[in-house]
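A.B. asks: Below is run-v3.txt; it holds compact mmCIF, C-alpha atoms.
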# COMPACT_ATOMS: atom_id res chain seq x y z
CA MET A 1 8.54 -4.43 -25.79
CA LYS A 2 5.93 -3.96 -23.28
CA SER A 3 3.87 -5.75 -25.52
CA LEU A 4 3.12 -6.09 -29.05
CA ILE A 5 -0.45 -7.12 -28.53
CA ILE A 6 -2.74 -8.19 -26.52
CA GLY A 7 1.27 -7.10 -25.78
CA SER A 8 3.00 -3.69 -21.35
CA PHE A 9 -0.16 -0.88 -15.40
CA CYS A 10 2.82 -1.58 -13.38
CA ASN A 11 1.99 -1.29 -9.74
CA LYS A 12 5.58 -1.40 -8.60
CA VAL A 13 7.81 1.01 -10.38
CA SER A 14 11.51 1.42 -9.78
CA SER A 15 12.74 4.92 -9.24
CA HIS A 16 16.12 6.59 -9.26
CA SER A 17 17.51 9.19 -6.98
CA PRO A 18 19.81 12.05 -7.79
CA PRO A 19 23.42 11.15 -8.57
CA PHE A 20 25.81 10.27 -5.78
CA SER A 21 27.48 13.37 -4.52
CA ASP A 22 27.54 14.37 -0.88
CA ALA A 23 24.61 12.29 0.22
CA ILE A 24 24.75 8.89 1.85
CA TYR A 25 22.44 6.21 0.53
CA SER A 26 21.61 3.01 2.38
CA LEU A 27 19.61 -0.11 1.69
CA GLU A 28 18.23 -2.16 4.54
CA SER A 29 16.40 -5.43 4.27
CA THR A 30 13.29 -5.94 6.34
CA GLY A 31 13.89 -9.23 8.07
CA ARG A 32 15.31 -10.56 11.28
CA ASN A 33 18.81 -10.33 9.82
CA PRO A 34 19.04 -6.82 8.42
CA VAL A 35 21.70 -6.13 5.84
CA SER A 36 22.71 -2.65 4.82
CA LEU A 37 24.52 -1.24 1.82
CA ARG A 38 26.12 2.17 2.26
CA ALA A 39 27.96 4.45 -0.15
CA SER A 40 29.37 7.85 0.71
CA LYS A 41 31.34 10.57 -0.91
CA HIS A 42 34.54 8.87 0.35
CA ASN A 43 33.74 5.65 -1.49
CA ARG A 44 36.29 5.16 -4.28
CA VAL A 45 34.35 2.39 -6.04
CA ILE A 46 32.16 4.76 -8.03
CA GLN A 47 34.31 7.31 -9.83
CA SER A 48 31.70 8.58 -12.31
CA GLN A 49 28.19 9.93 -12.01
CA SER A 50 25.88 7.10 -11.02
CA ILE A 51 22.27 6.29 -10.51
CA PHE A 52 20.91 4.45 -7.51
CA VAL A 53 17.97 2.17 -8.13
CA ARG A 54 16.18 0.49 -5.27
CA HIS A 55 13.77 -2.42 -5.48
CA ASP A 56 12.20 -4.56 -2.79
CA THR A 57 10.46 -7.83 -3.69
CA GLY A 58 9.39 -9.76 -0.62
CA ARG A 59 12.44 -11.70 0.52
CA PHE A 60 14.88 -9.93 -1.76
CA SER A 61 16.23 -6.39 -1.73
CA LYS A 62 18.39 -5.32 -4.65
CA SER A 63 20.24 -2.16 -5.46
CA PHE A 64 21.96 -1.22 -8.65
CA LEU A 65 24.72 1.29 -9.14
CA LEU A 66 24.82 2.29 -12.77
CA SER A 67 27.92 4.02 -14.06
CA ARG A 68 26.92 6.23 -16.97
CA LYS A 69 30.41 7.08 -18.13
CA GLN A 70 31.90 3.60 -17.88
CA LYS A 71 28.66 1.92 -19.08
CA THR A 72 29.13 -0.80 -16.50
CA ILE A 73 26.85 -2.14 -13.84
CA HIS A 74 27.87 -2.56 -10.23
CA VAL A 75 25.29 -4.77 -8.63
CA ALA A 76 25.03 -5.10 -4.90
CA ASN A 77 22.54 -7.61 -3.65
CA ALA A 78 21.38 -7.50 -0.09
CA VAL A 79 19.47 -10.63 0.79
CA SER A 80 17.82 -11.18 4.10
CA GLU A 81 16.23 -14.46 5.00
CA GLN A 82 12.92 -14.36 6.71
CA VAL A 83 13.09 -16.76 9.59
CA GLY A 84 9.76 -18.35 10.28
CA SER A 85 6.80 -19.40 8.25
CA ASP A 86 5.42 -16.02 7.14
CA ASP A 87 6.46 -16.20 3.45
CA THR A 88 6.08 -19.93 3.01
CA SER A 89 2.75 -20.39 4.68
CA PRO A 90 -0.17 -21.47 2.46
CA GLN A 91 -1.96 -18.23 3.34
CA ASN A 92 0.83 -16.15 1.80
CA SER A 93 2.09 -18.37 -1.03
CA SER A 94 -1.02 -18.05 -3.20
CA PRO A 95 -1.24 -14.24 -3.07
CA ASN A 96 2.50 -14.02 -3.80
CA ALA A 97 2.17 -16.35 -6.77
CA LEU A 98 -0.79 -14.40 -8.14
CA ASP A 99 1.04 -11.12 -7.71
CA ALA A 100 4.10 -12.45 -9.55
CA PHE A 101 2.01 -13.72 -12.44
CA TYR A 102 0.10 -10.43 -12.53
CA ARG A 103 3.35 -8.53 -13.02
CA PHE A 104 4.66 -11.12 -15.49
CA SER A 105 1.53 -10.76 -17.66
CA ARG A 106 1.99 -6.96 -18.10
CA PRO A 107 -1.70 -6.33 -17.31
CA HIS A 108 -2.01 -2.97 -19.05
CA THR A 109 -1.44 -4.74 -22.38
CA VAL A 110 -4.01 -7.40 -21.52
CA ILE A 111 -6.61 -4.76 -20.70
CA GLY A 112 -5.83 -2.89 -23.91
CA THR A 113 -6.21 -5.99 -26.05
CA ALA A 114 -9.45 -7.09 -24.42
CA LEU A 115 -10.96 -3.63 -24.93
CA SER A 116 -9.77 -3.49 -28.53
CA ILE A 117 -11.32 -6.87 -29.36
CA VAL A 118 -14.65 -5.91 -27.81
CA SER A 119 -14.59 -2.54 -29.56
CA VAL A 120 -13.85 -3.82 -33.08
CA SER A 121 -16.29 -6.68 -32.60
CA LEU A 122 -19.05 -4.14 -31.99
CA LEU A 123 -18.25 -2.57 -35.36
CA ALA A 124 -19.61 -5.70 -37.04
CA VAL A 125 -22.98 -5.36 -35.29
CA GLN A 126 -25.69 -4.05 -37.64
CA LYS A 127 -28.88 -4.87 -35.78
CA LEU A 128 -29.99 -5.82 -32.28
CA SER A 129 -30.41 -9.49 -33.19
CA ASP A 130 -26.66 -9.69 -33.84
CA PHE A 131 -26.19 -9.76 -30.07
CA SER A 132 -26.72 -13.50 -29.99
CA PRO A 133 -25.07 -16.20 -27.86
CA ALA A 134 -22.85 -16.99 -30.86
CA PHE A 135 -21.64 -13.37 -30.91
CA PHE A 136 -20.69 -13.33 -27.24
CA ILE A 137 -19.02 -16.75 -27.48
CA GLY A 138 -17.06 -15.58 -30.52
CA VAL A 139 -15.86 -12.46 -28.71
CA LEU A 140 -14.90 -14.50 -25.64
CA GLU A 141 -12.96 -17.02 -27.74
CA ALA A 142 -11.01 -14.19 -29.35
CA ILE A 143 -10.23 -12.54 -26.00
CA VAL A 144 -9.03 -15.77 -24.37
CA ALA A 145 -6.90 -16.82 -27.35
CA ALA A 146 -5.40 -13.34 -27.54
CA PHE A 147 -4.73 -13.36 -23.79
CA PHE A 148 -2.80 -16.62 -24.11
CA MET A 149 -0.73 -15.20 -26.97
CA ASN A 150 -0.12 -12.02 -24.99
CA ILE A 151 1.43 -14.02 -22.16
CA TYR A 152 3.72 -15.73 -24.66
CA ILE A 153 4.85 -12.45 -26.24
CA VAL A 154 5.45 -10.43 -23.08
CA GLY A 155 6.96 -13.49 -21.36
CA LEU A 156 9.41 -14.14 -24.20
CA ASN A 157 10.41 -10.49 -24.11
CA GLN A 158 11.17 -10.78 -20.39
CA LEU A 159 13.16 -13.98 -20.92
CA SER A 160 15.25 -12.21 -23.54
CA ASP A 161 15.72 -9.08 -21.42
CA ILE A 162 16.51 -10.41 -17.95
CA GLU A 163 19.74 -8.44 -17.57
CA ILE A 164 18.23 -5.27 -19.06
CA ASP A 165 15.18 -5.58 -16.81
CA LYS A 166 17.40 -5.81 -13.75
CA VAL A 167 18.17 -2.18 -14.55
CA ASN A 168 14.96 -0.90 -16.16
CA LYS A 169 12.24 -3.01 -14.52
CA PRO A 170 13.64 -4.87 -11.50
CA TYR A 171 10.11 -5.51 -10.19
CA LEU A 172 9.40 -8.08 -12.94
CA PRO A 173 9.49 -11.70 -11.69
CA LEU A 174 12.36 -12.93 -13.89
CA ALA A 175 14.51 -9.88 -13.19
CA SER A 176 13.87 -10.06 -9.44
CA GLY A 177 14.53 -13.80 -9.24
CA GLU A 178 10.98 -14.75 -8.23
CA TYR A 179 10.79 -16.80 -11.44
CA SER A 180 13.63 -18.96 -12.68
CA VAL A 181 14.43 -19.09 -16.38
CA LYS A 182 13.00 -22.62 -16.48
CA THR A 183 9.73 -21.39 -14.99
CA GLY A 184 9.56 -18.61 -17.54
CA VAL A 185 10.16 -21.00 -20.43
CA ILE A 186 7.44 -23.36 -19.19
CA ILE A 187 4.93 -20.50 -18.86
CA VAL A 188 5.52 -18.95 -22.28
CA SER A 189 5.60 -22.31 -24.05
CA SER A 190 2.40 -23.47 -22.39
CA PHE A 191 0.51 -20.30 -23.19
CA ALA A 192 1.65 -20.27 -26.82
CA LEU A 193 0.43 -23.86 -27.24
CA MET A 194 -2.89 -23.06 -25.57
CA SER A 195 -3.38 -20.04 -27.81
CA PHE A 196 -2.79 -22.01 -31.01
CA TRP A 197 -4.89 -24.91 -29.74
CA LEU A 198 -7.85 -22.63 -29.03
CA GLY A 199 -7.47 -20.83 -32.35
CA TRP A 200 -7.45 -24.17 -34.18
CA VAL A 201 -10.40 -25.62 -32.25
CA VAL A 202 -12.52 -22.53 -32.88
CA GLY A 203 -11.93 -22.93 -36.60
CA SER A 204 -11.84 -19.22 -37.45
CA TRP A 205 -9.13 -18.44 -40.00
CA PRO A 206 -9.05 -14.70 -39.22
CA LEU A 207 -8.53 -15.54 -35.55
CA PHE A 208 -5.88 -18.17 -36.26
CA TRP A 209 -3.93 -15.90 -38.59
CA ALA A 210 -4.09 -13.06 -36.07
CA LEU A 211 -2.51 -15.36 -33.49
CA PHE A 212 0.06 -16.78 -35.90
CA ILE A 213 1.28 -13.43 -37.25
CA SER A 214 1.41 -12.02 -33.72
CA PHE A 215 3.47 -15.05 -32.70
CA LEU A 216 5.93 -14.52 -35.56
CA LEU A 217 6.36 -10.80 -34.99
CA GLY A 218 6.53 -11.17 -31.20
CA THR A 219 9.22 -13.83 -31.54
CA ALA A 220 11.24 -11.87 -34.09
CA TYR A 221 10.98 -8.77 -31.91
CA SER A 222 12.44 -10.35 -28.77
CA ILE A 223 14.37 -13.58 -29.34
CA ASN A 224 18.13 -13.17 -29.36
CA ILE A 225 19.26 -15.18 -32.39
CA PRO A 226 20.99 -14.05 -35.59
CA MET A 227 18.86 -11.92 -37.94
CA LEU A 228 16.21 -11.46 -35.25
CA ARG A 229 15.80 -9.49 -32.00
CA TRP A 230 14.33 -6.65 -34.04
CA LYS A 231 13.83 -4.52 -30.95
CA ARG A 232 17.49 -3.50 -31.37
CA PHE A 233 16.51 -1.47 -34.42
CA ALA A 234 14.21 1.44 -33.63
CA LEU A 235 12.34 1.63 -36.94
CA VAL A 236 11.82 -2.12 -37.30
CA ALA A 237 10.65 -2.38 -33.68
CA ALA A 238 8.10 0.39 -34.23
CA MET A 239 6.84 -1.31 -37.40
CA CYS A 240 6.33 -4.59 -35.51
CA ILE A 241 4.18 -2.90 -32.89
CA LEU A 242 2.27 -0.93 -35.50
CA ALA A 243 1.58 -4.05 -37.57
CA VAL A 244 0.05 -5.88 -34.63
CA ARG A 245 -1.66 -3.08 -32.72
CA ALA A 246 -2.93 -1.05 -35.67
CA VAL A 247 -3.56 -3.65 -38.37
CA ILE A 248 -3.94 -7.17 -36.99
CA VAL A 249 -5.99 -6.29 -33.92
CA GLN A 250 -8.38 -4.06 -35.87
CA ILE A 251 -8.83 -6.03 -39.07
CA ALA A 252 -8.34 -9.68 -38.09
CA PHE A 253 -10.57 -9.61 -35.02
CA TYR A 254 -13.19 -7.61 -36.89
CA LEU A 255 -13.18 -10.22 -39.67
CA HIS A 256 -13.41 -12.97 -37.07
CA ILE A 257 -16.79 -11.59 -35.98
CA GLN A 258 -17.95 -10.30 -39.38
CA THR A 259 -17.21 -13.38 -41.50
CA PHE A 260 -16.88 -16.33 -39.11
CA VAL A 261 -19.34 -15.53 -36.32
CA LEU A 262 -21.98 -13.53 -38.22
CA GLY A 263 -21.37 -15.18 -41.59
CA ARG A 264 -21.32 -11.98 -43.62
CA LEU A 265 -19.22 -10.84 -46.58
CA THR A 266 -15.92 -9.07 -46.05
CA VAL A 267 -16.55 -5.32 -45.99
CA PHE A 268 -14.67 -2.54 -44.23
CA PRO A 269 -17.04 0.21 -43.08
CA LYS A 270 -15.95 3.71 -42.12
CA PRO A 271 -15.50 2.94 -38.37
CA VAL A 272 -13.07 0.07 -39.14
CA ILE A 273 -11.01 2.29 -41.44
CA PHE A 274 -11.04 5.04 -38.81
CA ALA A 275 -9.98 2.63 -36.06
CA THR A 276 -7.09 1.29 -38.16
CA GLY A 277 -5.86 4.76 -39.07
CA PHE A 278 -6.20 6.22 -35.60
CA MET A 279 -4.53 3.25 -33.93
CA SER A 280 -1.62 3.56 -36.36
CA PHE A 281 -0.80 6.86 -34.66
CA PHE A 282 -1.33 5.38 -31.22
CA SER A 283 0.82 2.32 -31.99
CA VAL A 284 3.73 4.47 -33.12
CA VAL A 285 3.40 6.55 -29.94
CA ILE A 286 3.42 3.43 -27.75
CA ALA A 287 6.43 2.07 -29.65
CA LEU A 288 8.33 5.32 -29.13
CA PHE A 289 7.22 6.19 -25.61
CA LYS A 290 7.78 2.80 -24.01
CA ASP A 291 11.54 3.28 -24.35
CA ILE A 292 11.69 6.73 -22.72
CA PRO A 293 11.75 5.41 -19.11
CA ASP A 294 14.19 2.65 -20.14
CA ILE A 295 16.94 4.82 -21.56
CA VAL A 296 19.53 3.89 -18.92
CA GLY A 297 19.39 0.13 -19.44
CA ASP A 298 19.00 0.46 -23.21
CA LYS A 299 22.19 2.54 -23.40
CA ILE A 300 24.14 0.04 -21.32
CA PHE A 301 23.04 -2.95 -23.38
CA GLY A 302 23.26 -1.34 -26.80
CA ILE A 303 19.56 -1.06 -27.66
CA GLN A 304 19.44 1.74 -30.25
CA SER A 305 15.95 3.02 -29.50
CA PHE A 306 14.79 6.41 -30.75
CA THR A 307 15.10 7.68 -27.18
CA VAL A 308 18.76 6.65 -27.03
CA ARG A 309 19.42 8.25 -30.40
CA LEU A 310 17.35 11.43 -30.10
CA GLY A 311 17.00 12.01 -26.36
CA GLN A 312 14.09 11.75 -23.95
CA LYS A 313 12.69 15.27 -24.30
CA ARG A 314 12.61 15.22 -28.09
CA VAL A 315 10.92 11.82 -28.31
CA PHE A 316 8.43 12.82 -25.60
CA TRP A 317 7.20 15.83 -27.57
CA ILE A 318 7.17 13.89 -30.83
CA CYS A 319 4.76 11.48 -29.16
CA ILE A 320 2.56 14.29 -27.87
CA SER A 321 2.47 15.90 -31.32
CA LEU A 322 1.49 12.63 -33.01
CA LEU A 323 -1.37 12.05 -30.59
CA GLU A 324 -2.65 15.60 -30.94
CA VAL A 325 -2.63 15.21 -34.75
CA ALA A 326 -4.60 11.98 -34.34
CA TYR A 327 -7.15 13.71 -32.13
CA GLY A 328 -7.45 16.52 -34.66
CA ALA A 329 -8.10 14.02 -37.45
CA ALA A 330 -10.69 12.24 -35.29
CA ILE A 331 -12.51 15.54 -34.74
CA LEU A 332 -12.71 16.05 -38.53
CA VAL A 333 -14.02 12.51 -38.98
CA GLY A 334 -16.65 13.17 -36.32
CA ALA A 335 -17.68 16.42 -38.01
CA SER A 336 -18.36 14.51 -41.24
CA SER A 337 -20.76 12.05 -39.62
CA PRO A 338 -24.34 12.17 -40.92
CA PHE A 339 -25.61 11.22 -37.46
CA ILE A 340 -25.93 14.13 -35.07
CA TRP A 341 -25.43 12.01 -31.93
CA SER A 342 -22.25 10.45 -33.36
CA ARG A 343 -20.99 13.83 -34.51
CA TYR A 344 -21.27 15.46 -31.09
CA ILE A 345 -19.94 12.49 -29.13
CA THR A 346 -16.94 12.01 -31.43
CA ILE A 347 -16.02 15.70 -31.50
CA LEU A 348 -16.53 16.35 -27.80
CA GLY A 349 -14.84 13.12 -26.74
CA HIS A 350 -11.68 13.78 -28.73
CA VAL A 351 -11.52 17.44 -27.73
CA ILE A 352 -11.58 16.39 -24.07
CA LEU A 353 -8.93 13.69 -24.59
CA GLY A 354 -6.69 16.09 -26.50
CA LEU A 355 -6.93 18.74 -23.78
CA LEU A 356 -6.24 16.17 -21.04
CA LEU A 357 -3.18 14.97 -22.94
CA TRP A 358 -1.80 18.48 -23.40
CA GLY A 359 -2.38 19.50 -19.80
CA ARG A 360 -0.75 16.37 -18.44
CA ALA A 361 2.21 16.69 -20.82
CA LYS A 362 2.93 20.29 -19.79
CA SER A 363 3.03 19.33 -16.11
CA THR A 364 5.25 16.24 -16.48
CA ASP A 365 8.77 16.40 -15.06
CA LEU A 366 10.98 14.90 -17.78
CA GLU A 367 13.85 14.57 -15.34
CA SER A 368 11.90 12.10 -13.20
CA LYS A 369 11.71 8.47 -14.29
CA SER A 370 8.68 7.84 -12.10
CA ALA A 371 6.88 10.81 -13.68
CA ILE A 372 7.67 9.60 -17.20
CA THR A 373 6.56 6.05 -16.34
CA SER A 374 3.33 7.43 -14.88
CA PHE A 375 2.73 9.41 -18.06
CA TYR A 376 3.30 6.27 -20.15
CA MET A 377 0.55 4.55 -18.20
CA PHE A 378 -1.62 7.64 -18.76
CA ILE A 379 -1.15 7.10 -22.51
CA TRP A 380 -2.50 3.58 -22.08
CA GLN A 381 -5.53 5.07 -20.31
CA LEU A 382 -6.09 7.31 -23.33
CA PHE A 383 -5.74 4.18 -25.44
CA TYR A 384 -8.53 2.51 -23.45
CA ALA A 385 -10.73 5.60 -23.74
CA GLU A 386 -10.33 5.63 -27.51
CA TYR A 387 -11.68 2.10 -27.81
CA LEU A 388 -14.76 3.24 -25.92
CA LEU A 389 -15.30 5.97 -28.55
CA ILE A 390 -14.56 3.93 -31.69
CA PRO A 391 -17.90 2.00 -31.75
CA LEU A 392 -19.71 5.37 -31.65
CA VAL A 393 -18.02 6.66 -34.81
CA ARG A 394 -20.42 6.56 -37.74
Rewrite the structure of this file - the entire thing - as structure tokens.

C.D. replies:
Amino acid sequence: MKSLIIGSFCNKVSSHSPPFSDAIYSLESTGRNPVSLRASKHNRVIQSQSIFVRHDTGRFSKSFLLSRKQKTIHVANAVSEQVGSDDTSPQNSSPNALDAFYRFSRPHTVIGTALSIVSVSLLAVQKLSDFSPAFFIGVLEAIVAAFFMNIYIVGLNQLSDIEIDKVNKPYLPLASGEYSVKTGVIIVSSFALMSFWLGWVVGSWPLFWALFISFLLGTAYSINIPMLRWKRFALVAAMCILAVRAVIVQIAFYLHIQTFVLGRLTVFPKPVIFATGFMSFFSVVIALFKDIPDIVGDKIFGIQSFTVRLGQKRVFWICISLLEVAYGAAILVGASSPFIWSRYITILGHVILGLLLWGRAKSTDLESKSAITSFYMFIWQLFYAEYLLIPLVR
């Protein structure tokens, strides 16, 4: 999963070219010792229709030839060594390390979680005096603890999917070889411990349980042991994401502010119910759509996602339909608001988002992996926009 929470924008996206036919494809490394990989129509190695995937990560250049019919992977690695001190110099090592961790953290999920925590925290505010130092500290504690748990969840998923990611997401640090498995294990273990430590030190039971349940579901989703690795099963995988994104994030973090920080009784006002319901639609869409760009690797490694079972085009339009239904429901909720300012903002905001979604969907090339991946990131932008509107629902 890109992320269950808190946990998947990628700034380096792999792309695939048309199948091998009459064209000649080459891969050249950019160092002092260039290496090239060439395949032509006379090459007997690839007998079936294939896909060429190219990825460059600093010192490594990798290409993958994926045989659709044989469901095998022919991997050709072209490695060029950079002679000199360019890549190992202190000036370059820190930026490279930060860039690798940035990609490892799946930043679009981090942004989404941070916005969701801030948004639902604002739903507990009833008067201006609620904006106290304790409120801001409580929100910050939740964001940091959730960030730590997000790194664990997305990192564990990458550790479990190294071979799949070499096909679907070769720009990720574990798939590209920038991180060793040992490094990945150290990172995810450390961040899980830090998340639980912070949750325990804060002393908020809603926060701790949010972290603990996210940990359990994130582990069950990814880890490859008997009875687990639930991502193999489309419906169960979608339910995991829905449980965390739609229920835990909305309710647990709201209760963290409402009961622990502000010391009030447990009540669920209309905006909290709206946020939970609306994000149920969004969570299902994220769970479905995230697998559309990954259909090639999922087929090869036996991941029975809805996209593998139903096809890319069908799942794409199911996602669009679900989001448009959600926007329609949000417009009705806005129309029922007793506050004129909330009514107009909620209606107008969701009309605009719905029209943007439809226009972008109609212009998306479903035959292009890069276009589909770009649209997936657009869905996350709609996700962010929704959390800006939720505190205004009354």

A.B. asks: Please provide the set of residues having any atom within 9 Å of range 282-287 of chain A, restricted to all atoms listed in the file, with same-chain residues fewer than 4 positions apart removed, written as a ChimeraX atom specification.

C.D. replies: /A:1-2,4,234,237-246,278,291,318-320,322-323,326,376,379-380,383

A.B. asks: Name the closest residue to Leu357 in chain A among the candidates A:Ser321, A:Ser370, A:Ser336, A:Ser305; distances are taken between atoms, counting only C-alpha atoms.

C.D. replies: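 When distances to Leu357 in chain A are compared using only C-alpha atoms, the smallest one comes from A:Ser321.
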
A.B. asks: Could you jot down the CA of Leu392 in chain A to CA of Ser280 in chain A separation for me, Å, one decimal place?

C.D. replies: 18.8 Å

A.B. asks: Can you pull out every residue within 12 Å of Tyr384 in chain A, counting only C-alpha atoms, but drop anything in the same chain fewer than 4 positions away, and send it as a ChimeraX atom specification?

C.D. replies: /A:108-119,279,282,353,377-380,388-390

A.B. asks: If you count all atoms listed in the file, which residues fall within 10 Å of Val144 in chain A, apart from same-chain ones fewer than 2 positions away, as a ChimeraX atom specification?

C.D. replies: /A:114,139-142,146-150,194-195,198-199

A.B. asks: Quick one, how far is CA of Tyr152 in chain A from CA of Val188 in chain A?

C.D. replies: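 A separation of 4.4 Å between them.
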
A.B. asks: May I ask for the distance between CA of Thr307 in chain A and CA of Val236 in chain A, given in Å to one decimal place?

C.D. replies: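 Going from CA of Thr307 in chain A over to CA of Val236 in chain A covers 14.5 Å.
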
A.B. asks: Name the residues in contact with Ala97 in chain A at a cut-off of 10 Å, using only C-alpha atoms, excluding same-chain residues fewer than 6 positions from it; report them as a list in words.

C.D. replies: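 Listing them by chain and then by number gives Pro173, Glu178 and Tyr179 of chain A.
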